[in-house]
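Data block for target.cif (mmCIF, C-alpha atoms):
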data_query
loop_
_atom_site.group_PDB
_atom_site.id
_atom_site.type_symbol
_atom_site.label_atom_id
_atom_site.label_comp_id
_atom_site.auth_asym_id
_atom_site.auth_seq_id
_atom_site.Cartn_x
_atom_site.Cartn_y
_atom_site.Cartn_z
ATOM 1 C CA MET F 1 42.291 -81.991 16.085
ATOM 2 C CA ASP F 2 42.280 -83.301 12.515
ATOM 3 C CA PRO F 3 43.226 -80.747 9.826
ATOM 4 C CA PRO F 4 40.271 -79.394 7.813
ATOM 5 C CA ARG F 5 39.497 -81.287 4.631
ATOM 6 C CA SER F 6 39.693 -79.502 1.314
ATOM 7 C CA SER F 7 36.762 -79.211 -1.070
ATOM 8 C CA PHE F 8 38.520 -81.486 -3.582
ATOM 9 C CA VAL F 9 36.386 -84.506 -4.523
ATOM 10 C CA THR F 10 37.208 -87.082 -7.168
ATOM 11 C CA ARG F 11 36.131 -90.627 -7.954
ATOM 12 C CA PHE F 12 36.905 -93.926 -9.616
ATOM 13 C CA ALA F 13 33.904 -95.340 -11.462
ATOM 14 C CA PRO F 14 34.438 -98.786 -12.999
ATOM 15 C CA SER F 15 31.860 -100.972 -14.717
ATOM 16 C CA PRO F 16 31.516 -104.524 -13.317
ATOM 17 C CA ASN F 17 31.635 -106.251 -16.691
ATOM 18 C CA GLY F 18 35.106 -107.739 -16.291
ATOM 19 C CA PHE F 19 38.036 -107.927 -13.898
ATOM 20 C CA LEU F 20 40.159 -104.824 -13.274
ATOM 21 C CA HIS F 21 43.483 -104.670 -15.106
ATOM 22 C CA LEU F 22 46.617 -102.541 -14.901
ATOM 23 C CA GLY F 23 44.952 -99.647 -16.711
ATOM 24 C CA HIS F 24 42.203 -99.533 -14.088
ATOM 25 C CA ALA F 25 44.821 -99.693 -11.337
ATOM 26 C CA TYR F 26 46.619 -96.710 -12.825
ATOM 27 C CA SER F 27 43.422 -94.653 -13.012
ATOM 28 C CA ALA F 28 42.285 -95.593 -9.506
ATOM 29 C CA LEU F 29 45.686 -94.948 -7.946
ATOM 30 C CA THR F 30 46.040 -91.644 -9.814
ATOM 31 C CA ALA F 31 42.651 -90.421 -8.593
ATOM 32 C CA GLY F 32 43.191 -91.725 -5.073
ATOM 33 C CA GLY F 33 46.624 -90.133 -4.920
ATOM 34 C CA ALA F 34 45.259 -86.787 -6.110
ATOM 35 C CA ALA F 35 42.581 -86.835 -3.422
ATOM 36 C CA ARG F 36 45.121 -87.713 -0.742
ATOM 37 C CA ALA F 37 47.546 -84.986 -1.879
ATOM 38 C CA ALA F 38 44.747 -82.407 -1.819
ATOM 39 C CA GLY F 39 43.421 -83.555 1.546
ATOM 40 C CA GLY F 40 40.144 -84.223 -0.210
ATOM 41 C CA ARG F 41 37.708 -87.078 -0.763
ATOM 42 C CA PHE F 42 37.933 -90.181 -2.927
ATOM 43 C CA LEU F 43 34.704 -91.870 -4.007
ATOM 44 C CA LEU F 44 34.024 -95.241 -5.592
ATOM 45 C CA ARG F 45 31.030 -95.590 -7.898
ATOM 46 C CA ILE F 46 29.829 -98.750 -9.610
ATOM 47 C CA GLU F 47 28.607 -97.933 -13.116
ATOM 48 C CA ASP F 48 26.388 -100.958 -13.691
ATOM 49 C CA ILE F 49 23.614 -99.510 -15.852
ATOM 50 C CA ASP F 50 24.169 -102.260 -18.432
ATOM 51 C CA ARG F 51 22.537 -105.043 -16.446
ATOM 52 C CA ALA F 52 23.087 -107.598 -19.211
ATOM 53 C CA ARG F 53 26.859 -107.333 -18.800
ATOM 54 C CA ALA F 54 27.226 -106.462 -15.105
ATOM 55 C CA ARG F 55 27.986 -109.416 -12.830
ATOM 56 C CA PRO F 56 28.109 -109.667 -9.026
ATOM 57 C CA ASP F 57 31.443 -111.509 -9.097
ATOM 58 C CA PHE F 58 33.031 -108.709 -11.101
ATOM 59 C CA GLU F 59 31.687 -106.138 -8.646
ATOM 60 C CA ALA F 60 32.996 -108.116 -5.676
ATOM 61 C CA ALA F 61 36.395 -108.331 -7.383
ATOM 62 C CA ILE F 62 36.487 -104.544 -7.788
ATOM 63 C CA TYR F 63 36.292 -104.065 -4.015
ATOM 64 C CA GLN F 64 38.869 -106.793 -3.399
ATOM 65 C CA ASP F 65 41.338 -105.482 -5.970
ATOM 66 C CA LEU F 66 41.135 -101.855 -4.852
ATOM 67 C CA ALA F 67 41.526 -102.809 -1.185
ATOM 68 C CA TRP F 68 44.531 -104.974 -2.127
ATOM 69 C CA LEU F 69 46.089 -101.930 -3.809
ATOM 70 C CA GLY F 70 45.685 -100.052 -0.534
ATOM 71 C CA LEU F 71 42.890 -97.742 -1.606
ATOM 72 C CA GLY F 72 40.074 -96.692 0.679
ATOM 73 C CA TRP F 73 36.834 -94.982 -0.253
ATOM 74 C CA GLU F 74 33.767 -93.476 1.311
ATOM 75 C CA GLU F 75 30.687 -95.551 2.048
ATOM 76 C CA PRO F 76 28.072 -96.141 0.850
ATOM 77 C CA VAL F 77 29.187 -96.890 -2.687
ATOM 78 C CA ARG F 78 26.752 -95.581 -5.272
ATOM 79 C CA ARG F 79 25.495 -98.279 -7.650
ATOM 80 C CA GLN F 80 23.898 -96.768 -10.738
ATOM 81 C CA SER F 81 21.455 -99.635 -11.277
ATOM 82 C CA GLU F 82 19.675 -98.550 -8.091
ATOM 83 C CA HIS F 83 18.908 -95.087 -9.474
ATOM 84 C CA PHE F 84 17.231 -95.534 -12.864
ATOM 85 C CA ASP F 85 14.292 -93.445 -11.634
ATOM 86 C CA GLU F 86 16.600 -90.447 -11.184
ATOM 87 C CA TYR F 87 17.975 -90.772 -14.699
ATOM 88 C CA ALA F 88 14.428 -91.134 -16.060
ATOM 89 C CA ARG F 89 13.460 -87.817 -14.486
ATOM 90 C CA ALA F 90 16.479 -86.120 -16.080
ATOM 91 C CA LEU F 91 15.528 -87.583 -19.463
ATOM 92 C CA ASP F 92 11.937 -86.415 -19.043
ATOM 93 C CA ARG F 93 13.161 -82.872 -18.392
ATOM 94 C CA LEU F 94 15.095 -82.887 -21.653
ATOM 95 C CA GLU F 95 12.224 -84.431 -23.582
ATOM 96 C CA ALA F 96 9.737 -81.863 -22.267
ATOM 97 C CA ARG F 97 11.881 -79.155 -23.888
ATOM 98 C CA GLY F 98 11.956 -80.912 -27.250
ATOM 99 C CA LEU F 99 15.612 -81.924 -26.914
ATOM 100 C CA LEU F 100 15.079 -85.669 -27.383
ATOM 101 C CA TYR F 101 13.470 -87.670 -30.149
ATOM 102 C CA PRO F 102 12.630 -91.386 -30.572
ATOM 103 C CA CYS F 103 14.963 -93.414 -32.768
ATOM 104 C CA PHE F 104 13.872 -96.751 -34.247
ATOM 105 C CA CYS F 105 17.097 -97.516 -36.119
ATOM 106 C CA THR F 106 19.127 -100.582 -35.230
ATOM 107 C CA ARG F 107 22.877 -100.458 -34.737
ATOM 108 C CA ARG F 108 23.299 -102.528 -37.885
ATOM 109 C CA GLU F 109 21.257 -100.037 -39.899
ATOM 110 C CA ILE F 110 23.329 -97.137 -38.623
ATOM 111 C CA ALA F 111 26.627 -98.902 -39.304
ATOM 112 C CA ALA F 112 25.461 -99.727 -42.832
ATOM 113 C CA ALA F 113 24.491 -96.149 -43.682
ATOM 114 C CA LEU F 114 26.835 -94.976 -46.432
ATOM 115 C CA THR F 115 26.687 -91.398 -45.212
ATOM 116 C CA ALA F 116 27.458 -92.191 -41.571
ATOM 117 C CA PRO F 117 30.833 -90.753 -40.494
ATOM 118 C CA HIS F 118 32.719 -92.458 -37.675
ATOM 119 C CA GLY F 119 33.781 -91.033 -34.340
ATOM 120 C CA PRO F 120 35.392 -92.444 -31.181
ATOM 121 C CA GLU F 121 32.296 -94.548 -30.426
ATOM 122 C CA GLY F 122 31.800 -95.854 -33.960
ATOM 123 C CA ALA F 123 29.328 -94.722 -36.609
ATOM 124 C CA VAL F 124 27.883 -91.260 -35.947
ATOM 125 C CA TYR F 125 24.120 -91.317 -36.294
ATOM 126 C CA PRO F 126 23.009 -89.776 -39.640
ATOM 127 C CA GLY F 127 19.760 -88.354 -38.219
ATOM 128 C CA THR F 128 17.352 -90.716 -39.959
ATOM 129 C CA CYS F 129 14.630 -90.640 -37.288
ATOM 130 C CA ARG F 130 15.022 -86.962 -36.438
ATOM 131 C CA VAL F 131 12.759 -85.989 -39.329
ATOM 132 C CA LEU F 132 10.022 -88.588 -38.795
ATOM 133 C CA THR F 133 6.531 -87.145 -38.465
ATOM 134 C CA ASP F 134 4.489 -87.684 -35.319
ATOM 135 C CA THR F 135 2.198 -89.916 -37.355
ATOM 136 C CA GLU F 136 5.087 -92.139 -38.428
ATOM 137 C CA ARG F 137 6.412 -92.308 -34.875
ATOM 138 C CA ARG F 138 2.997 -93.416 -33.616
ATOM 139 C CA ARG F 139 2.781 -96.002 -36.380
ATOM 140 C CA ARG F 140 6.162 -97.444 -35.458
ATOM 141 C CA ARG F 141 5.260 -97.601 -31.760
ATOM 142 C CA ASP F 142 1.877 -99.185 -32.527
ATOM 143 C CA ALA F 143 3.722 -101.812 -34.564
ATOM 144 C CA GLY F 144 5.707 -102.754 -31.464
ATOM 145 C CA ASP F 145 8.937 -100.880 -32.177
ATOM 146 C CA ASP F 146 10.492 -99.708 -28.917
ATOM 147 C CA PRO F 147 12.670 -96.675 -29.698
ATOM 148 C CA ALA F 148 15.826 -95.352 -28.164
ATOM 149 C CA ARG F 149 15.855 -91.720 -27.027
ATOM 150 C CA ARG F 150 18.382 -89.524 -28.821
ATOM 151 C CA LEU F 151 19.613 -86.044 -28.080
ATOM 152 C CA ASP F 152 18.767 -83.547 -30.812
ATOM 153 C CA LEU F 153 22.245 -82.074 -30.850
ATOM 154 C CA ALA F 154 21.420 -79.058 -33.025
ATOM 155 C CA ARG F 155 18.594 -77.975 -30.716
ATOM 156 C CA ALA F 156 20.661 -78.717 -27.632
ATOM 157 C CA LEU F 157 23.592 -76.614 -28.833
ATOM 158 C CA ALA F 158 21.282 -73.749 -29.755
ATOM 159 C CA GLU F 159 19.717 -73.767 -26.301
ATOM 160 C CA ALA F 160 22.997 -74.117 -24.413
ATOM 161 C CA GLY F 161 24.978 -71.429 -26.218
ATOM 162 C CA PRO F 162 28.801 -71.204 -26.022
ATOM 163 C CA LEU F 163 30.414 -73.865 -23.847
ATOM 164 C CA ALA F 164 33.783 -74.303 -22.172
ATOM 165 C CA PHE F 165 35.378 -76.543 -19.556
ATOM 166 C CA THR F 166 38.575 -76.714 -17.529
ATOM 167 C CA GLU F 167 41.137 -79.332 -18.550
ATOM 168 C CA SER F 168 44.263 -79.655 -16.378
ATOM 169 C CA GLY F 169 43.976 -76.006 -15.338
ATOM 170 C CA SER F 170 43.363 -74.586 -18.816
ATOM 171 C CA THR F 171 40.084 -73.382 -20.296
ATOM 172 C CA VAL F 172 38.957 -75.324 -23.355
ATOM 173 C CA THR F 173 36.215 -73.971 -25.612
ATOM 174 C CA VAL F 174 33.817 -76.555 -27.007
ATOM 175 C CA ASP F 175 33.845 -76.718 -30.806
ATOM 176 C CA PRO F 176 30.226 -77.398 -31.917
ATOM 177 C CA ASP F 177 31.333 -78.606 -35.363
ATOM 178 C CA ARG F 178 33.650 -81.190 -33.829
ATOM 179 C CA LEU F 179 30.908 -82.305 -31.462
ATOM 180 C CA ARG F 180 28.575 -82.823 -34.419
ATOM 181 C CA ALA F 181 31.223 -84.717 -36.381
ATOM 182 C CA GLU F 182 32.477 -86.968 -33.572
ATOM 183 C CA ILE F 183 29.354 -87.652 -31.491
ATOM 184 C CA GLY F 184 26.216 -86.323 -33.181
ATOM 185 C CA ASP F 185 22.724 -87.157 -31.923
ATOM 186 C CA VAL F 186 23.863 -89.493 -29.173
ATOM 187 C CA VAL F 187 21.588 -92.104 -27.567
ATOM 188 C CA LEU F 188 20.725 -91.178 -23.976
ATOM 189 C CA ALA F 189 18.506 -94.202 -23.274
ATOM 190 C CA ARG F 190 17.678 -97.541 -24.880
ATOM 191 C CA LYS F 191 15.088 -100.210 -24.194
ATOM 192 C CA ASP F 192 17.672 -102.566 -22.691
ATOM 193 C CA VAL F 193 19.727 -99.839 -20.966
ATOM 194 C CA PRO F 194 17.389 -97.091 -19.719
ATOM 195 C CA ALA F 195 20.165 -94.526 -19.222
ATOM 196 C CA SER F 196 23.369 -94.019 -21.150
ATOM 197 C CA TYR F 197 26.813 -93.680 -19.639
ATOM 198 C CA HIS F 198 26.893 -90.048 -20.739
ATOM 199 C CA LEU F 199 23.683 -89.103 -18.936
ATOM 200 C CA ALA F 200 24.340 -91.124 -15.783
ATOM 201 C CA VAL F 201 27.895 -89.895 -15.325
ATOM 202 C CA VAL F 202 27.071 -86.173 -15.434
ATOM 203 C CA HIS F 203 24.073 -86.706 -13.153
ATOM 204 C CA ASP F 204 26.087 -88.646 -10.581
ATOM 205 C CA ASP F 205 29.157 -86.423 -10.635
ATOM 206 C CA ALA F 206 26.921 -83.468 -9.786
ATOM 207 C CA LEU F 207 24.910 -85.352 -7.185
ATOM 208 C CA GLN F 208 28.030 -86.606 -5.437
ATOM 209 C CA GLY F 209 29.766 -83.227 -5.479
ATOM 210 C CA VAL F 210 32.683 -84.334 -7.665
ATOM 211 C CA THR F 211 34.902 -81.321 -8.263
ATOM 212 C CA THR F 212 37.588 -82.962 -10.439
ATOM 213 C CA VAL F 213 37.040 -85.839 -12.856
ATOM 214 C CA ILE F 214 40.232 -87.845 -13.321
ATOM 215 C CA ARG F 215 39.990 -90.454 -16.077
ATOM 216 C CA GLY F 216 41.811 -91.882 -19.087
ATOM 217 C CA ASP F 217 42.482 -90.160 -22.388
ATOM 218 C CA ASP F 218 40.099 -92.589 -24.067
ATOM 219 C CA LEU F 219 37.197 -90.634 -22.534
ATOM 220 C CA ALA F 220 38.482 -87.147 -23.340
ATOM 221 C CA PHE F 221 36.341 -87.062 -26.500
ATOM 222 C CA ALA F 222 33.180 -87.193 -24.357
ATOM 223 C CA THR F 223 33.951 -84.130 -22.243
ATOM 224 C CA PRO F 224 32.332 -81.595 -24.645
ATOM 225 C CA LEU F 225 29.152 -83.695 -24.643
ATOM 226 C CA HIS F 226 29.219 -83.948 -20.863
ATOM 227 C CA ARG F 227 29.638 -80.199 -20.600
ATOM 228 C CA LEU F 228 26.613 -79.769 -22.885
ATOM 229 C CA LEU F 229 24.465 -82.110 -20.780
ATOM 230 C CA GLN F 230 25.538 -80.359 -17.586
ATOM 231 C CA THR F 231 24.412 -77.046 -19.042
ATOM 232 C CA LEU F 232 21.081 -78.414 -20.263
ATOM 233 C CA LEU F 233 20.340 -79.998 -16.887
ATOM 234 C CA GLY F 234 21.569 -77.048 -14.818
ATOM 235 C CA LEU F 235 24.380 -79.048 -13.228
ATOM 236 C CA PRO F 236 27.732 -77.721 -11.984
ATOM 237 C CA ALA F 237 30.766 -78.382 -14.149
ATOM 238 C CA PRO F 238 33.704 -80.202 -12.544
ATOM 239 C CA ALA F 239 37.272 -79.681 -13.678
ATOM 240 C CA TYR F 240 38.748 -82.455 -15.818
ATOM 241 C CA ARG F 241 42.106 -84.169 -15.837
ATOM 242 C CA HIS F 242 42.688 -86.862 -18.448
ATOM 243 C CA HIS F 243 45.707 -89.111 -18.033
ATOM 244 C CA GLY F 244 47.591 -91.296 -20.469
ATOM 245 C CA LEU F 245 46.703 -94.956 -20.943
ATOM 246 C CA VAL F 246 48.714 -97.951 -19.816
ATOM 247 C CA THR F 247 49.821 -99.994 -22.819
ATOM 248 C CA ASP F 248 51.545 -103.294 -23.503
ATOM 249 C CA ALA F 249 54.912 -103.810 -25.165
ATOM 250 C CA ASP F 250 53.277 -103.310 -28.578
ATOM 251 C CA GLY F 251 51.676 -100.012 -27.580
ATOM 252 C CA ARG F 252 48.144 -101.413 -27.304
ATOM 253 C CA ARG F 253 46.052 -100.335 -24.348
ATOM 254 C CA PHE F 254 44.912 -103.027 -21.982
ATOM 255 C CA ALA F 255 41.351 -104.338 -22.130
ATOM 256 C CA LYS F 256 39.321 -106.518 -19.783
ATOM 257 C CA ARG F 257 39.791 -109.471 -22.114
ATOM 258 C CA ASP F 258 43.545 -109.365 -21.401
ATOM 259 C CA GLY F 259 43.418 -111.929 -18.613
ATOM 260 C CA ALA F 260 47.174 -111.977 -18.011
ATOM 261 C CA VAL F 261 47.200 -108.386 -16.774
ATOM 262 C CA THR F 262 44.122 -108.455 -14.549
ATOM 263 C CA LEU F 263 44.956 -107.550 -10.987
ATOM 264 C CA ARG F 264 43.665 -110.872 -9.667
ATOM 265 C CA ALA F 265 45.912 -112.770 -12.118
ATOM 266 C CA LEU F 266 48.955 -110.711 -11.152
ATOM 267 C CA ARG F 267 48.177 -111.172 -7.463
ATOM 268 C CA ALA F 268 47.957 -114.943 -7.983
ATOM 269 C CA THR F 269 51.500 -114.966 -9.396
ATOM 270 C CA GLY F 270 52.851 -113.228 -6.290
ATOM 271 C CA VAL F 271 53.029 -109.653 -7.584
ATOM 272 C CA THR F 272 52.676 -107.177 -4.697
ATOM 273 C CA PRO F 273 50.935 -103.772 -4.558
ATOM 274 C CA PRO F 274 54.262 -101.907 -4.241
ATOM 275 C CA GLU F 275 55.451 -103.679 -7.387
ATOM 276 C CA ILE F 276 52.255 -102.632 -9.176
ATOM 277 C CA ARG F 277 52.780 -99.037 -8.091
ATOM 278 C CA ALA F 278 56.422 -99.109 -9.190
ATOM 279 C CA ARG F 279 55.496 -100.540 -12.584
ATOM 280 C CA LEU F 280 52.840 -97.862 -13.092
ATOM 281 C CA GLY F 281 54.873 -95.008 -11.629
ATOM 282 C CA VAL F 282 52.206 -93.929 -9.113
#
Output the file's structure in the form of structure tokens.
Amino acid sequence: MDPPRSSFVTRFAPSPNGFLHLGHAYSALTAGGAARAAGGRFLLRIEDIDRARARPDFEAAIYQDLAWLGLGWEEPVRRQSEHFDEYARALDRLEARGLLYPCFCTRREIAAALTAPHGPEGAVYPGTCRVLTDTERRRRRDAGDDPARRLDLARALAEAGPLAFTESGSTVTVDPDRLRAEIGDVVLARKDVPASYHLAVVHDDALQGVTTVIRGDDLAFATPLHRLLQTLLGLPAPAYRHHGLVTDADGRRFAKRDGAVTLRALRATGVTPPEIRARLGV
């Protein structure tokens, strides 16, 4: 008889907008190793909500690269582009409670705003469209402007109340002032991308029963926002574990444009999975 499986569930959730590199390998192997050590489950999710950048060849390469590394995952793989209707229903729930508002500003306009502070994702929205009257919003829509949908952070924080999450076994209290300064009224849907990463990831982690989110330090800034969205949508909160990033000799983290360190390029030069694991220390 097989031993009982634990309730531990984690995932690796890449976007198919480039080939996987050493940093992705480290994250995938770390999550897969944690699931194996816990006797739990390891999921693969394809985060392809940005259809303009997602490509079938990149998605196919994800499966090939992970299998080459020796990772296995449960089927079927969830592809976010197949579930926009689910994200739309979550957005509608937030909008019905007055927690979203339409935003007609362009990215260039936001970046050019002298009062816009900057956070991990760039310029923090200064709230220009939050104060538009219903009449002005109708006028802009009638003129053909298709708005994004932004979270009214002040209202959302007031409704949610105090927030906390678990990071590597410790309880972390969400600082509302830091959330305002670093993220602000974040976009949850745009015309070209009908659900943001932030909305889709909390929805899917809950739907798939993820108990521990293991991801890079570059996404640690988003955890307070994710905890807020989980609370607003009545979703369970997973534990979080953020790991360090793989960097080059100059201390710069790898990016998908770094072709020399993609897994397919390394494989083509004869590098083996054990050598990858040894280099990454996993």
**Request:** Step by step, work through what the PyMOL selection byres ((chain F and resi 281) around 12) selects in the shown file, and finish by giving those residues as a VMD selection string.
**Result:** chain F and resid 22 25 to 27 29 to 30 33 246 273 to 280 282
**Request:** Given the file shown, enumerate the residues that the PyMOL selection byres ((chain F and resi 20) around 8) captures and present them as a ChimeraX atom specification.
**Result:** /F:18-19,21-25,61-62,65,256,262-264
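Using all atoms listed in the file for every distance, the candidate list F:Gly98, F:Pro194, F:Gly119, F:Pro238 yields F:Gly98 as the residue closest to Ala154 of chain F.
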**Residues selected by the PyMOL selection byres ((chain F and resi 217) around 6), written as number ranges by chain** = F: 216, 218-220, 242-244
**Message:** So that I can check the surroundings of segment 199-210 of chain F, please list as an MDAnalysis selection string every protein, DNA and RNA residue that reaches within 8 Å of it, counting all atoms listed in the file and ignoring chain neighbours fewer than 4 positions away.
**Reply:** chainID F and resid 8:11 80 87 188 195 226 229:230 235:238
Go ahead and dump the residues you just picked, C-alpha atoms, as an mmCIF file, in the frame of the given file.
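And here is the file that came out, again_25.cif:
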data_model
loop_
_atom_site.group_PDB
_atom_site.id
_atom_site.type_symbol
_atom_site.label_atom_id
_atom_site.label_comp_id
_atom_site.auth_asym_id
_atom_site.auth_seq_id
_atom_site.Cartn_x
_atom_site.Cartn_y
_atom_site.Cartn_z
ATOM 1 C CA PHE F 8 38.520 -81.486 -3.582
ATOM 2 C CA VAL F 9 36.386 -84.506 -4.523
ATOM 3 C CA THR F 10 37.208 -87.082 -7.168
ATOM 4 C CA ARG F 11 36.131 -90.627 -7.954
ATOM 5 C CA GLN F 80 23.898 -96.768 -10.738
ATOM 6 C CA TYR F 87 17.975 -90.772 -14.699
ATOM 7 C CA LEU F 188 20.725 -91.178 -23.976
ATOM 8 C CA ALA F 195 20.165 -94.526 -19.222
ATOM 9 C CA HIS F 226 29.219 -83.948 -20.863
ATOM 10 C CA LEU F 229 24.465 -82.110 -20.780
ATOM 11 C CA GLN F 230 25.538 -80.359 -17.586
ATOM 12 C CA LEU F 235 24.380 -79.048 -13.228
ATOM 13 C CA PRO F 236 27.732 -77.721 -11.984
ATOM 14 C CA ALA F 237 30.766 -78.382 -14.149
ATOM 15 C CA PRO F 238 33.704 -80.202 -12.544
#
**d(atom CA of Asp48 of chain F, atom CA of Pro16 of chain F) in Å** = 6.3 Å
**Request:** Might you pull out every residue within 9 Å of segment 157-168 of chain F, with only C-alpha atoms counted and same-chain residues fewer than 2 positions away left off, and present them as JSON, numbers by chain?
**Result:** {"F": [152, 153, 154, 155, 170, 171, 172, 173, 174, 175, 176, 223, 224, 227, 228, 229, 231, 232, 237, 238, 239, 240, 241, 242]}
**Request:** Mind giving me the straight-line distance from atom CA of Glu75 of chain F to atom CA of Asp57 of chain F in Å, one decimal?
**Result:**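 Result for atom CA of Glu75 of chain F versus atom CA of Asp57 of chain F: 19.5 Å, one decimal.
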**Message:** If I take atom CA of Gly184 of chain F and atom CA of Ala156 of chain F, how far is one from the other in Å, to one decimal?
**Reply:**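 Taking atom CA of Gly184 of chain F as the start and atom CA of Ala156 of chain F as the end point, the length is 10.9 Å.
Here the question is which of F:Arg45, F:Arg93, F:Arg130, F:Arg149 gets nearest to Lys191 of chain F using all atoms listed in the file, and that residue is F:Arg149.
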Need the axis-aligned box for segment 203-220 of chain F with 6 Å each side, so what are the centre and edges in Å to one decimal, as AutoDock Vina command-line options?
--center_x 33.3 --center_y -87.0 --center_z -14.8 --size_x 30.4 --size_y 23.3 --size_z 30.6
**Asked** With only C-alpha atoms as the atoms that count, which of F:Asp85, F:Pro56, F:Asp177, F:Arg150 lies nearest to Tyr101 of chain F?
**Response**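 Between F:Asp85, F:Pro56, F:Asp177, F:Arg150, the residue approaching Tyr101 of chain F most closely is F:Arg150.
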**Message:** Taking (12.3, -87.3, -36.0) as a centre in this file's frame and 12 Å as the limit, can you find every polymer residue with an atom that close, using all atoms listed in the file, and give them as a ChimeraX atom specification?
**Reply:** /F:98-105,126-138,140,147-152,185
Quick one: segment 182-196 of chain F from the block, N, CA and C atoms, as a PDB file, in the first residue's frame.
ATOM      1  N   GLU F 182       3.675  51.412  -2.488  1.00  0.00           N
ATOM      2  CA  GLU F 182       4.373  50.557  -3.440  1.00  0.00           C
ATOM      3  C   GLU F 182       3.493  50.054  -4.575  1.00  0.00           C
ATOM      4  N   ILE F 183       2.171  49.924  -4.326  1.00  0.00           N
ATOM      5  CA  ILE F 183       1.298  49.324  -5.330  1.00  0.00           C
ATOM      6  C   ILE F 183       0.140  50.240  -5.701  1.00  0.00           C
ATOM      7  N   GLY F 184      -0.535  50.806  -4.723  1.00  0.00           N
ATOM      8  CA  GLY F 184      -1.623  51.737  -4.996  1.00  0.00           C
ATOM      9  C   GLY F 184      -2.835  51.076  -5.641  1.00  0.00           C
ATOM     10  N   ASP F 185      -3.567  51.873  -6.420  1.00  0.00           N
ATOM     11  CA  ASP F 185      -4.789  51.394  -7.077  1.00  0.00           C
ATOM     12  C   ASP F 185      -4.409  50.564  -8.300  1.00  0.00           C
ATOM     13  N   VAL F 186      -4.123  49.320  -8.085  1.00  0.00           N
ATOM     14  CA  VAL F 186      -3.574  48.457  -9.130  1.00  0.00           C
ATOM     15  C   VAL F 186      -4.640  48.106 -10.173  1.00  0.00           C
ATOM     16  N   VAL F 187      -4.207  47.942 -11.417  1.00  0.00           N
ATOM     17  CA  VAL F 187      -5.093  47.481 -12.493  1.00  0.00           C
ATOM     18  C   VAL F 187      -5.376  45.985 -12.306  1.00  0.00           C
ATOM     19  N   LEU F 188      -6.655  45.623 -12.333  1.00  0.00           N
ATOM     20  CA  LEU F 188      -7.034  44.214 -12.248  1.00  0.00           C
ATOM     21  C   LEU F 188      -7.528  43.663 -13.574  1.00  0.00           C
ATOM     22  N   ALA F 189      -7.763  44.542 -14.550  1.00  0.00           N
ATOM     23  CA  ALA F 189      -8.147  44.102 -15.896  1.00  0.00           C
ATOM     24  C   ALA F 189      -7.935  45.246 -16.865  1.00  0.00           C
ATOM     25  N   ARG F 190      -7.499  44.902 -18.090  1.00  0.00           N
ATOM     26  CA  ARG F 190      -7.351  45.878 -19.156  1.00  0.00           C
ATOM     27  C   ARG F 190      -8.104  45.378 -20.386  1.00  0.00           C
ATOM     28  N   LYS F 191      -8.240  46.257 -21.366  1.00  0.00           N
ATOM     29  CA  LYS F 191      -8.922  45.871 -22.597  1.00  0.00           C
ATOM     30  C   LYS F 191      -8.197  44.708 -23.276  1.00  0.00           C
ATOM     31  N   ASP F 192      -6.864  44.796 -23.353  1.00  0.00           N
ATOM     32  CA  ASP F 192      -6.099  43.781 -24.063  1.00  0.00           C
ATOM     33  C   ASP F 192      -5.782  42.564 -23.212  1.00  0.00           C
ATOM     34  N   VAL F 193      -5.825  42.706 -21.891  1.00  0.00           N
ATOM     35  CA  VAL F 193      -5.594  41.586 -20.971  1.00  0.00           C
ATOM     36  C   VAL F 193      -6.718  41.623 -19.941  1.00  0.00           C
ATOM     37  N   PRO F 194      -7.765  40.809 -20.123  1.00  0.00           N
ATOM     38  CA  PRO F 194      -8.970  40.950 -19.306  1.00  0.00           C
ATOM     39  C   PRO F 194      -8.871  40.464 -17.867  1.00  0.00           C
ATOM     40  N   ALA F 195      -7.692  40.088 -17.424  1.00  0.00           N
ATOM     41  CA  ALA F 195      -7.468  39.765 -16.007  1.00  0.00           C
ATOM     42  C   ALA F 195      -6.002  39.973 -15.717  1.00  0.00           C
ATOM     43  N   SER F 196      -5.693  40.604 -14.608  1.00  0.00           N
ATOM     44  CA  SER F 196      -4.293  40.831 -14.270  1.00  0.00           C
ATOM     45  C   SER F 196      -3.677  39.584 -13.639  1.00  0.00           C
TER      46      SER F 196
END
